[in-house]
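Structure file entry.tsv; described as TSV, C-alpha atoms.
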chain	number	residue	atom	x	y	z
N	1	MET	CA	38.77	-51.51	32.26
N	2	LYS	CA	38.73	-47.99	30.91
N	3	THR	CA	37.37	-45.50	33.38
N	4	LYS	CA	34.83	-42.91	32.35
N	5	ASN	CA	36.27	-39.40	32.01
N	6	SER	CA	39.86	-40.58	32.20
N	7	ASP	CA	42.43	-37.78	31.94
N	8	GLN	CA	43.56	-39.23	28.61
N	9	ASP	CA	40.13	-39.66	27.02
N	10	TRP	CA	40.63	-36.56	24.94
N	11	LEU	CA	43.40	-38.22	22.92
N	12	LYS	CA	40.99	-40.24	20.83
N	13	ASP	CA	38.85	-37.18	20.16
N	14	ALA	CA	41.77	-34.97	19.18
N	15	PRO	CA	44.37	-36.77	17.06
N	16	THR	CA	45.63	-33.53	15.47
N	17	LEU	CA	46.15	-31.89	18.85
N	18	ALA	CA	47.85	-35.02	20.17
N	19	LYS	CA	50.51	-34.78	17.47
N	20	ILE	CA	51.59	-31.28	18.50
N	21	SER	CA	54.55	-30.98	20.84
N	22	LYS	CA	53.62	-30.04	24.40
N	23	GLU	CA	57.01	-28.41	24.85
N	24	ASN	CA	56.76	-24.80	25.98
N	25	PRO	CA	57.07	-22.60	22.86
N	26	PHE	CA	57.43	-19.35	24.79
N	27	THR	CA	60.80	-17.95	25.80
N	28	VAL	CA	62.02	-15.13	28.03
N	29	PRO	CA	64.79	-12.53	27.64
N	30	TYR	CA	68.31	-13.60	28.54
N	31	ALA	CA	68.85	-14.05	32.30
N	32	TYR	CA	65.29	-12.89	32.96
N	33	PHE	CA	64.60	-15.19	35.91
N	34	GLU	CA	67.84	-14.23	37.64
N	35	SER	CA	66.89	-10.56	37.51
N	36	LEU	CA	63.25	-11.29	38.38
N	37	ASN	CA	64.43	-13.06	41.49
N	38	ASP	CA	66.37	-9.97	42.59
N	39	ASP	CA	63.54	-7.60	41.60
N	40	LEU	CA	60.97	-9.51	43.63
N	41	LYS	CA	63.19	-9.64	46.69
N	42	THR	CA	63.84	-5.91	46.41
N	43	LEU	CA	60.11	-5.23	46.06
N	44	ALA	CA	59.39	-7.33	49.12
N	45	THR	CA	62.04	-5.46	51.10
N	46	LEU	CA	60.53	-2.14	50.04
N	47	GLN	CA	57.05	-3.35	50.95
N	48	SER	CA	58.28	-4.27	54.40
N	49	LEU	CA	59.49	-0.74	55.11
N	50	PRO	CA	57.15	1.08	57.49
N	51	LEU	CA	54.81	3.46	55.71
N	52	LYS	CA	54.32	6.98	57.00
N	53	ASN	CA	50.98	7.68	58.59
N	54	GLU	CA	48.60	10.28	57.23
N	55	GLU	CA	49.27	12.37	60.34
N	56	ASP	CA	52.82	12.88	59.10
N	57	TYR	CA	51.42	14.93	56.20
N	58	PRO	CA	49.10	17.49	57.81
N	59	PHE	CA	46.55	19.40	55.73
N	60	PRO	CA	43.97	22.10	56.61
N	61	LEU	CA	40.69	21.20	58.25
N	62	HIS	CA	37.91	20.43	55.69
N	63	TYR	CA	40.53	20.52	52.92
N	64	PHE	CA	38.95	17.71	50.91
N	65	LYS	CA	35.40	18.92	51.60
N	66	HIS	CA	36.06	22.23	49.87
N	67	LEU	CA	38.49	20.95	47.26
N	68	PRO	CA	35.92	20.29	44.46
N	69	GLU	CA	34.42	23.78	44.95
N	70	ARG	CA	37.85	25.39	44.78
N	71	ILE	CA	38.74	23.44	41.66
N	72	ASN	CA	35.50	24.61	40.00
N	73	ASP	CA	36.19	28.24	40.95
N	74	ARG	CA	39.71	28.00	39.61
N	75	SER	CA	38.46	26.47	36.35
N	76	ALA	CA	35.94	29.29	35.92
N	77	ILE	CA	38.64	31.93	36.48
N	78	GLU	CA	40.98	30.24	34.03
N	79	ALA	CA	38.19	30.04	31.47
N	80	THR	CA	37.54	33.79	31.83
N	81	ARG	CA	41.22	34.56	31.39
N	82	ASN	CA	41.28	32.61	28.19
N	83	LEU	CA	38.40	34.53	26.59
N	84	SER	CA	39.50	36.19	23.40
N	85	PRO	CA	38.30	39.75	22.56
N	86	GLU	CA	36.15	38.30	19.79
N	87	THR	CA	34.17	36.17	22.21
N	88	GLY	CA	34.02	38.52	25.21
N	89	PHE	CA	33.70	42.29	25.79
N	90	GLN	CA	34.91	44.70	23.18
N	91	VAL	CA	36.44	48.20	23.36
N	92	PRO	CA	36.18	51.12	20.92
N	93	ASP	CA	38.70	51.29	18.09
N	94	ILE	CA	42.15	52.58	19.12
N	95	TYR	CA	40.97	52.70	22.76
N	96	PHE	CA	44.23	51.29	24.08
N	97	ASP	CA	46.28	53.60	21.83
N	98	SER	CA	44.79	56.69	23.44
N	99	LEU	CA	44.53	55.33	26.98
N	100	PRO	CA	48.05	56.24	28.19
N	101	GLU	CA	47.63	59.78	26.97
N	102	ARG	CA	44.30	60.17	28.71
N	103	ILE	CA	45.65	58.80	31.96
N	104	LYS	CA	48.61	61.13	31.73
N	105	CYS	CA	46.27	64.11	31.26
N	106	ARG	CA	44.21	63.03	34.24
N	107	ILE	CA	47.26	62.81	36.48
N	108	GLU	CA	49.20	65.89	35.38
N	109	ARG	CA	46.49	68.38	34.78
N	110	GLY	CA	43.74	67.19	37.01
N	111	LYS	CA	41.49	68.13	34.12
N	112	GLU	CA	38.83	66.23	32.36
N	113	ILE	CA	40.06	63.85	29.76
N	114	PRO	CA	39.75	65.45	26.35
N	115	SER	CA	37.22	63.71	24.21
N	116	ASP	CA	38.44	62.12	20.97
U	1	MET	CA	66.48	-29.62	47.20
U	2	GLN	CA	63.17	-27.79	47.16
U	3	VAL	CA	61.89	-26.51	50.45
U	4	GLU	CA	58.46	-27.67	51.63
U	5	ASP	CA	55.60	-25.19	51.92
U	6	PHE	CA	55.12	-25.84	55.63
U	7	GLU	CA	58.77	-24.85	56.23
U	8	ILE	CA	58.24	-21.60	54.32
U	9	LEU	CA	55.14	-20.83	56.38
U	10	GLU	CA	56.87	-21.72	59.61
U	11	LYS	CA	59.79	-19.40	58.81
U	12	PHE	CA	57.42	-16.67	57.67
U	13	SER	CA	55.59	-16.77	60.99
U	14	ARG	CA	58.75	-15.64	62.77
U	15	GLU	CA	59.79	-12.00	62.30
U	16	SER	CA	63.49	-12.91	62.28
U	17	THR	CA	63.16	-15.33	59.34
U	18	ARG	CA	60.32	-13.66	57.44
U	19	GLN	CA	62.49	-12.26	54.65
U	20	GLU	CA	64.31	-15.57	54.28
U	21	ALA	CA	60.96	-17.37	54.00
U	22	PHE	CA	59.79	-15.01	51.29
U	23	ASN	CA	63.02	-15.51	49.36
U	24	LEU	CA	62.45	-19.27	49.52
U	25	LEU	CA	58.89	-18.81	48.33
U	26	ILE	CA	60.04	-16.67	45.40
U	27	ASN	CA	62.68	-19.22	44.44
U	28	LYS	CA	60.16	-22.02	44.56
U	29	TYR	CA	57.24	-20.40	42.75
U	30	GLN	CA	58.44	-17.60	40.50
U	31	GLN	CA	58.83	-19.71	37.36
U	32	LYS	CA	55.62	-21.69	37.83
U	33	ILE	CA	53.66	-18.49	38.35
U	34	TYR	CA	55.41	-16.76	35.47
U	35	TRP	CA	54.46	-19.52	33.00
U	36	HIS	CA	50.93	-19.80	34.36
U	37	ILE	CA	50.41	-16.09	33.70
U	38	ARG	CA	52.38	-15.99	30.46
U	39	ARG	CA	50.21	-18.64	28.80
U	40	LEU	CA	47.18	-16.52	29.62
U	41	VAL	CA	48.35	-12.99	28.81
U	42	ILE	CA	50.90	-14.00	26.11
U	43	ASP	CA	53.02	-10.84	26.26
U	44	HIS	CA	56.26	-11.07	28.26
U	45	ASP	CA	56.19	-7.49	29.59
U	46	ASP	CA	52.59	-7.80	30.76
U	47	THR	CA	53.50	-11.08	32.43
U	48	ASP	CA	56.49	-9.48	34.15
U	49	ASP	CA	54.27	-6.74	35.62
U	50	LEU	CA	51.67	-9.26	36.78
U	51	VAL	CA	54.22	-11.58	38.37
U	52	GLN	CA	55.48	-8.69	40.46
U	53	ASP	CA	51.93	-7.69	41.43
U	54	VAL	CA	51.19	-11.27	42.44
U	55	PHE	CA	54.22	-11.62	44.70
U	56	ILE	CA	53.56	-8.26	46.32
U	57	LYS	CA	50.03	-9.45	47.10
U	58	VAL	CA	51.45	-12.69	48.44
U	59	TRP	CA	53.85	-10.75	50.67
U	60	LYS	CA	51.10	-8.49	51.99
U	61	ASN	CA	48.55	-11.24	52.57
U	62	LEU	CA	50.70	-14.13	53.68
U	63	PRO	CA	50.39	-13.11	57.36
U	64	ASN	CA	46.62	-13.68	56.99
U	65	PHE	CA	47.00	-16.94	55.04
U	66	ARG	CA	44.82	-19.62	56.61
U	67	LYS	CA	46.10	-23.11	56.23
U	68	ASP	CA	42.74	-24.46	55.12
U	69	SER	CA	44.12	-24.44	51.56
U	70	GLN	CA	47.53	-25.34	50.23
U	71	LEU	CA	50.05	-22.53	49.79
U	72	PHE	CA	50.57	-23.34	46.13
U	73	THR	CA	46.85	-23.31	45.30
U	74	TRP	CA	46.50	-20.00	47.16
U	75	ILE	CA	49.32	-18.41	45.15
U	76	TYR	CA	47.90	-19.83	41.90
U	77	ARG	CA	44.51	-18.37	42.79
U	78	ILE	CA	46.01	-14.92	43.25
U	79	ALA	CA	47.88	-15.24	39.96
U	80	THR	CA	44.76	-16.42	38.15
U	81	ASN	CA	42.60	-13.61	39.53
U	82	GLU	CA	45.19	-10.98	38.64
U	83	SER	CA	45.47	-12.37	35.11
U	84	ILE	CA	41.72	-12.54	34.50
U	85	THR	CA	41.31	-8.99	35.84
U	86	PHE	CA	44.11	-7.85	33.53
U	87	LEU	CA	42.51	-9.55	30.51
U	88	ASN	CA	39.12	-8.01	31.26
U	89	LYS	CA	40.64	-4.54	31.55
U	90	LYS	CA	42.57	-5.07	28.33
U	91	LYS	CA	39.40	-6.07	26.46
U	92	LEU	CA	37.55	-3.06	27.82
U	93	LYS	CA	40.41	-0.76	26.83
U	94	ASN	CA	40.53	-2.23	23.32
U	95	ASN	CA	36.76	-1.95	22.94
U	96	ILE	CA	36.49	1.70	23.93
U	97	SER	CA	39.58	2.81	22.05
U	98	LEU	CA	38.70	4.85	18.97
U	99	ASN	CA	42.12	4.54	17.41
U	100	ASP	CA	45.04	2.14	17.20
U	101	SER	CA	46.63	3.31	20.44
U	102	GLY	CA	44.29	1.20	22.57
U	103	GLY	CA	46.72	-1.67	22.82
U	104	ARG	CA	47.30	-4.90	20.99
U	105	THR	CA	45.08	-7.94	21.07
U	106	LEU	CA	46.50	-11.19	22.42
U	107	ALA	CA	46.65	-12.57	18.88
U	108	GLU	CA	48.72	-9.57	17.78
U	109	SER	CA	51.01	-9.96	20.79
U	110	LEU	CA	51.48	-13.61	19.90
U	111	ALA	CA	52.21	-12.89	16.25
U	112	ASP	CA	54.70	-10.10	17.06
U	113	SER	CA	56.39	-11.72	20.04
U	114	PRO	CA	60.18	-11.96	19.88
U	115	TYR	CA	59.90	-14.51	22.66
U	116	PHE	CA	58.13	-17.31	20.85
U	117	ASP	CA	60.25	-20.17	19.70
U	118	GLY	CA	57.67	-22.78	18.73
U	119	ASP	CA	57.15	-24.44	15.37
U	120	LYS	CA	54.23	-23.79	12.99
U	121	ALA	CA	52.02	-26.36	14.67
U	122	GLN	CA	52.61	-24.85	18.10
U	123	MET	CA	51.82	-21.39	16.75
U	124	LYS	CA	48.57	-22.75	15.25
U	125	LEU	CA	47.70	-24.30	18.58
U	126	GLN	CA	48.31	-21.06	20.44
U	127	LYS	CA	46.23	-19.12	17.91
U	128	ALA	CA	43.44	-21.67	18.23
U	129	LEU	CA	43.58	-21.36	22.02
U	130	LEU	CA	43.04	-17.62	21.73
U	131	THR	CA	39.63	-18.28	20.17
U	132	LEU	CA	38.44	-19.89	23.43
U	133	PRO	CA	36.79	-17.90	26.24
U	134	ASP	CA	39.46	-16.93	28.77
U	135	LYS	CA	38.21	-19.24	31.51
U	136	GLN	CA	38.05	-22.22	29.17
U	137	ARG	CA	41.56	-21.42	27.94
U	138	LEU	CA	42.67	-21.21	31.56
U	139	VAL	CA	41.31	-24.69	32.32
U	140	PHE	CA	42.87	-26.08	29.15
U	141	ASN	CA	46.28	-24.59	30.00
U	142	MET	CA	46.23	-25.86	33.56
U	143	LYS	CA	45.30	-29.37	32.51
U	144	TYR	CA	47.15	-29.73	29.23
U	145	PHE	CA	50.36	-27.74	29.71
U	146	GLU	CA	50.74	-27.46	33.47
U	147	ASP	CA	49.52	-31.01	34.02
U	148	LEU	CA	47.65	-30.13	37.21
U	149	LYS	CA	45.15	-32.58	38.66
U	150	TYR	CA	41.47	-31.72	38.34
U	151	GLU	CA	41.26	-31.65	42.13
U	152	GLU	CA	44.03	-29.03	42.27
U	153	ILE	CA	42.44	-26.93	39.52
U	154	SER	CA	39.15	-27.22	41.37
U	155	GLU	CA	40.71	-25.85	44.54
U	156	ILE	CA	42.38	-22.98	42.66
U	157	LEU	CA	39.35	-21.95	40.61
U	158	GLY	CA	36.61	-22.90	43.04
U	159	THR	CA	34.86	-24.92	40.32
U	160	SER	CA	33.65	-28.51	40.62
U	161	VAL	CA	35.76	-31.30	39.14
U	162	GLY	CA	32.83	-32.32	36.94
U	163	ALA	CA	32.49	-28.85	35.47
U	164	LEU	CA	36.25	-28.68	34.87
U	165	LYS	CA	36.26	-31.99	33.02
U	166	ALA	CA	33.38	-30.85	30.85
U	167	SER	CA	35.12	-27.52	30.16
U	168	PHE	CA	38.39	-29.24	29.22
U	169	HIS	CA	36.70	-31.70	26.86
U	170	ILE	CA	34.72	-28.95	25.14
U	171	ALA	CA	37.96	-26.95	24.74
U	172	VAL	CA	39.75	-29.98	23.27
U	173	LYS	CA	36.97	-30.56	20.74
U	174	LYS	CA	36.98	-26.91	19.67
U	175	ILE	CA	40.76	-26.88	19.32
U	176	GLU	CA	40.78	-30.14	17.38
U	177	GLN	CA	38.15	-28.79	15.01
U	178	ILE	CA	40.16	-25.62	14.36
U	179	LEU	CA	43.43	-27.49	13.92
U	180	SER	CA	42.02	-30.17	11.64
U	181	HIS	CA	40.34	-27.59	9.40
U	182	SER	CA	43.34	-25.31	9.03
U	183	ASP	CA	46.12	-25.78	6.46
Please re-express this file's structure in structure tokens.
Amino acid sequence: MKTKNSDQDWLKDAPTLAKISKENPFTVPYAYFESLNDDLKTLATLQSLPLKNEEDYPFPLHYFKHLPERINDRSAIEATRNLSPETGFQVPDIYFDSLPERIKCRIERGKEIPSD
Amino acid sequence: MQVEDFEILEKFSRESTRQEAFNLLINKYQQKIYWHIRRLVIDHDDTDDLVQDVFIKVWKNLPNFRKDSQLFTWIYRIATNESITFLNKKKLKNNISLNDSGGRTLAESLADSPYFDGDKAQMKLQKALLTLPDKQRLVFNMKYFEDLKYEEISEILGTSVGALKASFHIAVKKIEQILSHSD
């Protein structure tokens, strides 16, 4: 007597599928399993090595508490450094051309910087 | 001669033979686990990564393994969970990618694979399988290709035998419909 839900019941419902070879169509690179065997054993050996404790890598007190704040500050400073003259403060025309001369005057003569 | 699981566990419980036990476990299960994962994720390189992840998890968790399940179903469960997690991440990555660099779909991996040696009918079958939901494909693979018993699949997946039978039969009908309507 045929049992209900037999493992082979599907055969009558799927004649096209039943004709297809069940042989494994996938392959692996040459000598893959030999190298996998070695790789896995090596990984297991590495995993079995004792890990260093956190105490072996000391860091300042509250380091992680203040880290986000310090990262934000650093980002703000970097952003300021990257401002181009067009987007930030501006100086008069040829300001930097005359600056060395004016500094020199200030140092050597102790006089007021001549106006341009 | 293949070593029994209880011998592996017994050796693993002793520090002096732990590495030997793990080597025996690798020798016994690496190919079964490889093919179980490969049929799900299709790509060889992805499979290779996952196989290594699975055995590392086995190594780390074997000391806590409770013998209320069989060793082989426990390892299969880890492999299955890793594969499903991988597939979910892959889908998410492909969905949010705005360009072609998001990774290939399983169908593309199958079509491009240098490590597929099947005939046209086998390729059609694999393509048809990729139209199934991952969990249904998983049940189909375990029953059809890996020839596991429903009771074993039930222990691995934590699903009732009745639900597995229903899932397998639905998968077979879908596959048959696709195959019989294709050229």
Report task. Find the residues around region 173-180 of chain U up to 12 Å (only C-alpha atoms counted), leave out those fewer than 3 positions away in its own chain, and share them as number ranges by chain. Result -> N: 9-20; U: 120-133, 136-137, 140, 166-170, 183
Within 8 Å of region 22-30 of chain N using all atoms listed in the file, minus same-chain residues under 6 positions, as a PDB file with C-alpha atoms, in the coordinates of the input:
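Listing of part39.pdb after writing:
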ATOM      1  CA  HIS U  44      56.260 -11.070  28.260  1.00  0.00           C
ATOM      2  CA  TYR U 115      59.900 -14.510  22.660  1.00  0.00           C
ATOM      3  CA  PHE U 116      58.130 -17.310  20.850  1.00  0.00           C
ATOM      4  CA  ASP U 117      60.250 -20.170  19.700  1.00  0.00           C
ATOM      5  CA  GLY U 118      57.670 -22.780  18.730  1.00  0.00           C
ATOM      6  CA  ASP U 119      57.150 -24.440  15.370  1.00  0.00           C
ATOM      7  CA  GLN U 122      52.610 -24.850  18.100  1.00  0.00           C
ATOM      8  CA  PHE U 145      50.360 -27.740  29.710  1.00  0.00           C
TER       9      PHE U 145
END
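You can rank U:Phe86, U:Phe12, U:Phe65, U:Tyr150 by their closest distance to chain N using only C-alpha atoms, and at the top of that list sits U:Tyr150.
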Query raised in the report: So how far away is CA of Asp5 (chain U) from CA of Leu71 (chain U), in Å?
Result: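 CA of Asp5 (chain U) lies 6.5 Å from CA of Leu71 (chain U).
Each of U:Lys90, U:Lys165, U:Arg104, U:Lys67 was checked against chain N using all atoms listed in the file; the smallest atom-to-atom distance is that of U:Lys165.
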Query raised in the report: Quick one: distance from CA of Ile96 (chain U) to CA of Glu82 (chain U) in Å, one decimal?
Result: 21.3 Å
Requested in this report: Tell me which protein, DNA and RNA residues are within 9 Å of Thr80 (chain U), counting only C-alpha atoms, leaving out same-chain ones fewer than 6 positions away, and put them as JSON, numbers by chain.
Outcome: {"U": [36, 37, 40, 138, 156, 157]}
Query - Nearby residues (all atoms listed in the file) at most 12 Å from Glu152 (chain U), same-chain spacing under 4 positions excluded, as a list in words - result: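 The neighbour list is Ser69, Gln70, Leu71, Phe72, Thr73, Trp74, Tyr76, Arg77, Val139, Met142, Lys143, Glu146, Asp147, Leu148, Ile156, Leu157, Gly158, Thr159, Ser160, Val161 and Leu164 of chain U.
Between CA of Gln8 (chain N) and CA of Tyr144 (chain U) the separation is 10.2 Å.
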Would you give the centre and edge lengths, in Å to one decimal, of a box along x, y and z around the listed atoms of region 40-58 of chain U, with 6 Å added to each side, as AutoDock Vina command-line options?
--center_x 51.8 --center_y -11.6 --center_z 37.3 --size_x 21.3 --size_y 21.8 --size_z 34.3
**Report entry** Given only C-alpha atoms as the counted atoms, nearest of U:Ala171, U:Glu108, U:Met1, U:Lys93 to chain N
**Finding:**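 Looking only at the distances to chain N, the closest residue turns out to be U:Ala171.
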